[in-house]
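Worksheet for the structure shown next.
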Amino acid sequence: MTLAETPAGLRILHLSDTHLFSDGSLHYGRVDTLAALDRTLARAAALDAIDLVVASGDLSDDGGDESYRLLASRLAPFADDRGADVVYAMGNHDLRSGFETVLGARETVTLRGGFRVVTLDTSVPGAGYGALDAEQLDRLAGILAVPAPHGTVVVLHHPPVPAASALLAALELTNPEALLDVCAAGDVRLILGGHYHHALAAEARGIPVIVAPGVANSSDPIAAAGTERAVIGSGFAVVDLPLEGEPRAVFLPAPGPEDGVEIFDLDAAEVERIAVAAGSGA
C-alpha cells in the first residue's frame with residue numbers, strides 16, 4: 001500500500017505544536033508559525049484520503065482567542081474538504097479559556113468508523129510539564145470499560161515515553177505509568193502526542209506511541225547532553241491504523257526556505273534555569 005491509496009481503517013493526519021499567535025508575532029522573533037502551518041497543510045494536501053486530523057497541543061503560543069480562530073480557520077476547511085473529523089488537545093502553552101471558547105471541550109470522545117478517539121488534557125496551568133489527575137484517569141477508565149469495535153486512540157500533548165533532552169525530560173508527563181495502566185487495561189491501540197518537536201515512534205506497555213514533529217520548529221534530539229537546540233523546520237505524521245494489527249506511521253517534512261537555520265542553542269545553565277521554573281521538580 002502507498003500513501004496515495006485509501007487504507008482500510010483509520011487514516012490520521014497528525015499535527016502538533018503549531019504555536020500560533022493572536023497578533024501575528026514571530027516565534028522566537030523569527031518564525032512565522034501561521035505560514036509554517038499553511039505550508040504544512042499545503043504539503044499534506046496531496047493526501048486525499050484522511051479520516052481524522054489530530055492537533056496534539058501547543059496549538060497557541062499566547063493562548064489568545066484569535067490564535068485558536070486562526071487554527072480552526074485552517075484545519076476545519078481542510079478536514080471538511082476530505083470528509084474528516086478534527087480533534088484538538090491541550091498543550092502546556094495553551095490557555096484553557098481561549099481553547100474552550102473557540103475549540104470547545106478540553107477532553108472529548110469522537111467516534112469514527114468503529115474507532116474511538118479520546119483526547120486528554122495533560123496541561124498544568126503555569127507549568128511546562130504534564131500531569132493527569134485521578135478524576136481524569138477514572139473518567140478514561142470509564143470510557144474504556146466498553147470496548148469500541150476497532151479500538152481506541154488516545155490523544156494528548158505530553159507523551160508517556162521518555163524525552164531525548166534534559167530540558168524536555170524536566171517537562172515530561174509526571175505520571176505516565178498511571179496512564180498506561182488504564183490504557184493497557186482497555187482497548188487502546190495507539191497513543192498520539194506532541195511536545196517534543198521531533199518525530200518519535202515508540203512502544204509503552206505494548207501500545208504504540210507516535211509523537212508528531214513540530215510545525216513551529218524542530219528540536220535537535222542529538223544535541224550535546226544537557227543542552228537544548230532547535231532549528232527552523234516543520235513536519236507532520238501520517239498514521240494508518242488498520243482494522244486489525246499494528247499502525248504504520250510515516251513522518252514527512254513541509255520544506256521551507258530557511259530549513260535548518262538555528263533558532264536557539266541553550267547551554268546547560270539556561271536549560272537548568274528553565275527546568276527549575278517550568279518543570280515539576282520530580
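The way I read the labels, and the way they are meant: chains A, B, ... in the order of the C-alpha cells, residue 1 as the first residue of every chain, and ligand 1 as the first ligand shown, with later ones counted on from there.
For stretch 94-110 of chain A, the list of residues within 9 Å, based on only C-alpha atoms and with local chain neighbours fewer than 5 positions off taken out, reads His19, Gly57, Asp58, Leu59, Ser60, Asp61, Asp62, Gly63, Gly64, Asp65, Glu66, Ser67, Tyr68, Arg69, Ala72, Asp85, Val87, Tyr88, Ala89, Phe115, Arg116, Val117, Val118, Thr119, Leu120, Asp121, Ser123, Pro125 and Ile143 of chain A.
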List every residue of stretch 68-280 of chain A that DSSP, applied to the backbone of this structure, places in helix (DSSP H, G or I), and write the result as a short mmCIF file (atom, residue, chain, number, x, y, z; two decimals) with N, CA and C atoms, in the first residue's frame.
```cif
data_model
loop_
_atom_site.label_atom_id
_atom_site.label_comp_id
_atom_site.auth_asym_id
_atom_site.auth_seq_id
_atom_site.Cartn_x
_atom_site.Cartn_y
_atom_site.Cartn_z
N TYR A 68 -6.58 30.64 18.30
CA TYR A 68 -7.36 29.42 18.08
C TYR A 68 -8.30 29.58 16.89
N ARG A 69 -8.80 30.77 16.68
CA ARG A 69 -9.62 31.01 15.48
C ARG A 69 -8.80 30.82 14.21
N LEU A 70 -7.57 31.30 14.24
CA LEU A 70 -6.70 31.11 13.08
C LEU A 70 -6.48 29.62 12.81
N LEU A 71 -6.25 28.86 13.86
CA LEU A 71 -6.04 27.43 13.69
C LEU A 71 -7.28 26.76 13.10
N ALA A 72 -8.43 27.05 13.69
CA ALA A 72 -9.67 26.43 13.20
C ALA A 72 -9.98 26.86 11.78
N SER A 73 -9.62 28.10 11.42
CA SER A 73 -9.89 28.58 10.06
C SER A 73 -9.07 27.82 9.02
N ARG A 74 -8.00 27.20 9.45
CA ARG A 74 -7.18 26.38 8.55
C ARG A 74 -7.61 24.91 8.60
N LEU A 75 -7.72 24.36 9.80
CA LEU A 75 -7.94 22.92 9.91
C LEU A 75 -9.36 22.51 9.57
N ALA A 76 -10.35 23.32 9.96
CA ALA A 76 -11.74 22.92 9.70
C ALA A 76 -12.04 22.77 8.21
N PRO A 77 -11.72 23.76 7.37
CA PRO A 77 -11.99 23.56 5.94
C PRO A 77 -11.14 22.47 5.31
N PHE A 78 -9.90 22.33 5.77
CA PHE A 78 -9.04 21.26 5.26
C PHE A 78 -9.70 19.90 5.52
N ALA A 79 -10.20 19.72 6.73
CA ALA A 79 -10.85 18.46 7.08
C ALA A 79 -12.18 18.30 6.36
N ASP A 80 -12.96 19.37 6.31
CA ASP A 80 -14.27 19.30 5.64
C ASP A 80 -14.13 18.88 4.18
N ASP A 81 -13.12 19.40 3.51
CA ASP A 81 -12.92 19.06 2.10
C ASP A 81 -12.65 17.57 1.90
N ARG A 96 -6.68 27.57 28.89
CA ARG A 96 -7.98 26.91 28.89
C ARG A 96 -9.11 27.81 28.40
N SER A 97 -9.09 29.06 28.78
CA SER A 97 -10.19 29.95 28.41
C SER A 97 -10.28 30.11 26.90
N GLY A 98 -9.16 30.41 26.25
CA GLY A 98 -9.17 30.59 24.80
C GLY A 98 -9.49 29.30 24.07
N PHE A 99 -8.90 28.21 24.52
CA PHE A 99 -9.15 26.91 23.90
C PHE A 99 -10.63 26.57 23.95
N GLU A 100 -11.23 26.67 25.13
CA GLU A 100 -12.64 26.29 25.29
C GLU A 100 -13.57 27.23 24.54
N THR A 101 -13.24 28.52 24.52
CA THR A 101 -14.09 29.49 23.84
C THR A 101 -14.20 29.19 22.36
N VAL A 102 -13.09 28.80 21.75
CA VAL A 102 -13.06 28.63 20.29
C VAL A 102 -13.17 27.18 19.87
N LEU A 103 -12.46 26.28 20.53
CA LEU A 103 -12.36 24.90 20.06
C LEU A 103 -13.29 23.95 20.81
N ALA A 134 -6.44 12.01 39.24
CA ALA A 134 -7.20 10.78 39.45
C ALA A 134 -8.56 10.84 38.78
N GLU A 135 -9.19 12.01 38.78
CA GLU A 135 -10.51 12.14 38.15
C GLU A 135 -10.42 11.90 36.65
N GLN A 136 -9.38 12.44 36.02
CA GLN A 136 -9.21 12.21 34.59
C GLN A 136 -8.97 10.75 34.28
N LEU A 137 -8.13 10.10 35.07
CA LEU A 137 -7.83 8.69 34.83
C LEU A 137 -9.06 7.82 35.07
N ASP A 138 -9.86 8.16 36.07
CA ASP A 138 -11.09 7.42 36.32
C ASP A 138 -12.07 7.60 35.17
N ARG A 139 -12.14 8.82 34.65
CA ARG A 139 -13.03 9.08 33.52
C ARG A 139 -12.60 8.27 32.30
N LEU A 140 -11.28 8.24 32.05
CA LEU A 140 -10.78 7.45 30.92
C LEU A 140 -11.10 5.97 31.13
N ALA A 141 -10.90 5.47 32.34
CA ALA A 141 -11.20 4.06 32.61
C ALA A 141 -12.67 3.76 32.36
N GLY A 142 -13.54 4.71 32.71
CA GLY A 142 -14.96 4.52 32.48
C GLY A 142 -15.29 4.46 31.00
N ILE A 143 -14.64 5.31 30.21
CA ILE A 143 -14.85 5.29 28.76
C ILE A 143 -14.39 3.97 28.17
N LEU A 144 -13.23 3.50 28.61
CA LEU A 144 -12.65 2.28 28.05
C LEU A 144 -13.33 1.01 28.55
N ALA A 166 17.60 16.96 28.15
CA ALA A 166 17.48 17.27 29.58
C ALA A 166 16.31 18.20 29.86
N LEU A 167 16.11 19.19 29.00
CA LEU A 167 15.01 20.14 29.23
C LEU A 167 13.67 19.45 29.10
N LEU A 168 13.47 18.73 28.01
CA LEU A 168 12.18 18.07 27.83
C LEU A 168 11.96 16.97 28.86
N ALA A 169 13.05 16.38 29.35
CA ALA A 169 12.91 15.38 30.42
C ALA A 169 12.34 16.02 31.68
N ALA A 170 12.67 17.29 31.90
CA ALA A 170 12.12 18.01 33.06
C ALA A 170 10.68 18.43 32.83
N PRO A 176 3.26 8.83 33.80
CA PRO A 176 2.96 8.02 32.62
C PRO A 176 2.47 6.61 32.95
N GLU A 177 3.01 6.02 34.01
CA GLU A 177 2.63 4.64 34.33
C GLU A 177 1.17 4.56 34.73
N ALA A 178 0.65 5.58 35.42
CA ALA A 178 -0.77 5.57 35.80
C ALA A 178 -1.65 5.61 34.55
N LEU A 179 -1.25 6.42 33.57
CA LEU A 179 -1.99 6.47 32.31
C LEU A 179 -1.90 5.13 31.60
N LEU A 180 -0.71 4.56 31.53
CA LEU A 180 -0.53 3.31 30.80
C LEU A 180 -1.26 2.15 31.47
N ASP A 181 -1.39 2.20 32.79
CA ASP A 181 -2.18 1.18 33.49
C ASP A 181 -3.61 1.16 32.95
N VAL A 182 -4.19 2.35 32.82
CA VAL A 182 -5.58 2.47 32.36
C VAL A 182 -5.68 2.06 30.89
N CYS A 183 -4.73 2.53 30.09
CA CYS A 183 -4.77 2.22 28.66
C CYS A 183 -4.60 0.73 28.40
N ALA A 184 -3.66 0.11 29.11
CA ALA A 184 -3.38 -1.31 28.90
C ALA A 184 -4.53 -2.20 29.35
N ALA A 185 -5.33 -1.69 30.30
CA ALA A 185 -6.48 -2.46 30.78
C ALA A 185 -7.67 -2.33 29.84
N ALA A 268 23.81 24.41 29.26
CA ALA A 268 23.30 23.63 30.38
C ALA A 268 22.75 24.52 31.49
N ALA A 269 23.36 25.66 31.72
CA ALA A 269 22.89 26.55 32.79
C ALA A 269 21.50 27.09 32.47
N GLU A 270 21.28 27.48 31.21
CA GLU A 270 19.97 28.01 30.82
C GLU A 270 18.92 26.90 30.84
N VAL A 271 19.29 25.72 30.42
CA VAL A 271 18.38 24.59 30.49
C VAL A 271 17.96 24.33 31.92
N GLU A 272 18.91 24.36 32.83
CA GLU A 272 18.60 24.13 34.25
C GLU A 272 17.67 25.21 34.78
N ARG A 273 17.92 26.46 34.39
CA ARG A 273 17.06 27.57 34.86
C ARG A 273 15.61 27.36 34.41
N ILE A 274 15.43 27.00 33.14
CA ILE A 274 14.07 26.79 32.63
C ILE A 274 13.44 25.57 33.28
N ALA A 275 14.23 24.53 33.46
CA ALA A 275 13.70 23.31 34.07
C ALA A 275 13.20 23.57 35.49
N VAL A 276 13.93 24.39 36.24
CA VAL A 276 13.52 24.73 37.60
C VAL A 276 12.23 25.56 37.57
N ALA A 277 12.14 26.50 36.63
CA ALA A 277 10.99 27.39 36.55
C ALA A 277 9.73 26.70 36.04
N ALA A 278 9.87 25.79 35.07
CA ALA A 278 8.70 25.21 34.41
C ALA A 278 8.50 23.72 34.66
#
```
Exercise. So which bits of stretch 91-181 of chain A end up strand (DSSP E or B) when you DSSP the backbone, as a count of residues only?
Worked result: 16
Problem set entry | Pick from A:Pro221, A:Pro149, A:Gly113, A:Gly226, whichever lies nearest to A:Pro162 using only C-alpha atoms |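 Nearest candidate to A:Pro162 out of A:Pro221, A:Pro149, A:Gly113, A:Gly226: A:Pro221.
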For this session: Skip A:Asp265 itself and residues of its chain fewer than 2 positions away, then list as a PyMOL selection string all residues within 7 Å of it, counting only C-alpha atoms.
Result: chain A and resi 228-230+267
Go ahead and dump the residues you just picked, all heavy atoms, as an mmCIF file, in the first residue's frame.
```
data_model
loop_
_atom_site.group_PDB
_atom_site.id
_atom_site.type_symbol
_atom_site.label_atom_id
_atom_site.label_comp_id
_atom_site.auth_asym_id
_atom_site.auth_seq_id
_atom_site.Cartn_x
_atom_site.Cartn_y
_atom_site.Cartn_z
ATOM 1 N N GLU A 228 19.879 22.310 24.878
ATOM 2 C CA GLU A 228 18.635 22.244 24.101
ATOM 3 C C GLU A 228 18.809 23.098 22.863
ATOM 4 O O GLU A 228 19.159 24.276 22.960
ATOM 5 C CB GLU A 228 17.441 22.730 24.924
ATOM 6 C CG GLU A 228 16.102 22.513 24.267
ATOM 7 C CD GLU A 228 15.649 21.056 24.288
ATOM 8 O OE1 GLU A 228 16.099 20.298 25.177
ATOM 9 O OE2 GLU A 228 14.835 20.673 23.425
ATOM 10 N N ARG A 229 18.542 22.509 21.700
ATOM 11 C CA ARG A 229 18.757 23.198 20.439
ATOM 12 C C ARG A 229 17.553 22.997 19.529
ATOM 13 O O ARG A 229 16.939 21.929 19.519
ATOM 14 C CB ARG A 229 20.026 22.663 19.762
ATOM 15 C CG ARG A 229 20.382 23.309 18.433
ATOM 16 C CD ARG A 229 21.722 22.786 17.923
ATOM 17 N NE ARG A 229 22.054 23.359 16.621
ATOM 18 C CZ ARG A 229 21.698 22.822 15.449
ATOM 19 N NH1 ARG A 229 21.012 21.670 15.427
ATOM 20 N NH2 ARG A 229 22.021 23.401 14.318
ATOM 21 N N ALA A 230 17.202 24.036 18.765
ATOM 22 C CA ALA A 230 16.102 23.931 17.811
ATOM 23 C C ALA A 230 16.452 24.683 16.544
ATOM 24 O O ALA A 230 17.197 25.672 16.569
ATOM 25 C CB ALA A 230 14.813 24.485 18.409
ATOM 26 N N ASP A 267 22.610 26.599 26.593
ATOM 27 C CA ASP A 267 23.629 25.851 27.323
ATOM 28 C C ASP A 267 23.013 25.200 28.565
ATOM 29 O O ASP A 267 21.835 25.400 28.892
ATOM 30 C CB ASP A 267 24.814 26.741 27.681
ATOM 31 C CG ASP A 267 24.465 27.896 28.605
ATOM 32 O OD1 ASP A 267 23.418 27.839 29.301
ATOM 33 O OD2 ASP A 267 25.240 28.871 28.650
#
```
Exercise. To one decimal place, how far is atom CA of A:Gly233 from atom CA of A:Phe21 in Å?
Worked result: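 Distance reported for this atom pair: 17.7 Å.
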Could you give me, as an mmCIF file with C-alpha atoms, in the first residue's frame, the residues within 12 Å of A:Leu41, counting only C-alpha atoms and dropping anything in the same chain fewer than 4 positions from it?
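The resulting file, part15.cif, is shown below:
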```cif
data_model
loop_
_atom_site.group_PDB
_atom_site.id
_atom_site.type_symbol
_atom_site.label_atom_id
_atom_site.label_comp_id
_atom_site.auth_asym_id
_atom_site.auth_seq_id
_atom_site.Cartn_x
_atom_site.Cartn_y
_atom_site.Cartn_z
ATOM 1 C CA LEU A 13 -3.049 13.416 9.722
ATOM 2 C CA HIS A 14 -1.174 14.121 12.933
ATOM 3 C CA LEU A 15 -0.031 17.703 13.547
ATOM 4 C CA THR A 18 1.667 24.938 15.889
ATOM 5 C CA LEU A 34 0.920 30.631 10.678
ATOM 6 C CA ALA A 35 2.938 30.491 7.454
ATOM 7 C CA ALA A 36 4.522 27.261 8.709
ATOM 8 C CA LEU A 37 1.077 25.782 9.282
ATOM 9 C CA ALA A 45 -2.978 18.316 0.725
ATOM 10 C CA ALA A 46 -1.598 15.567 -1.501
ATOM 11 C CA LEU A 47 -3.406 13.173 0.849
ATOM 12 C CA VAL A 53 -6.968 15.441 11.651
ATOM 13 C CA LEU A 71 -6.040 27.425 13.692
ATOM 14 C CA ARG A 74 -7.183 26.380 8.550
ATOM 15 C CA LEU A 75 -7.937 22.923 9.911
ATOM 16 C CA ALA A 76 -11.738 22.917 9.702
ATOM 17 C CA PRO A 77 -11.995 23.558 5.940
ATOM 18 C CA PHE A 78 -9.041 21.258 5.256
ATOM 19 C CA ALA A 79 -10.850 18.460 7.081
ATOM 20 C CA VAL A 215 5.008 22.613 12.954
ATOM 21 C CA SER A 234 8.168 21.841 10.052
ATOM 22 C CA GLY A 235 6.773 18.367 9.682
ATOM 23 C CA PHE A 236 3.811 16.092 10.265
ATOM 24 C CA ALA A 237 2.898 12.434 10.568
ATOM 25 C CA LEU A 252 7.085 13.961 6.348
ATOM 26 C CA PRO A 253 8.736 17.390 6.164
ATOM 27 C CA ALA A 254 6.999 20.538 4.945
ATOM 28 C CA PRO A 255 10.032 22.247 3.373
#
```
Exercise. Quick one: of A:Arg189, A:His158, A:His27, A:His150, who's nearest to A:Asn92, counting only C-alpha atoms?
Worked result: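 Looking at the shortest contact to A:Asn92, the residue is A:His158.
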Exercise. In terms of the shortest atom-to-atom distance over only C-alpha atoms, which of A:Glu172, A:Asp32, A:Asp220, A:Glu246 is closest to A:Leu190?
Worked result: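 For A:Leu190, the nearest of the given residues is A:Glu246.
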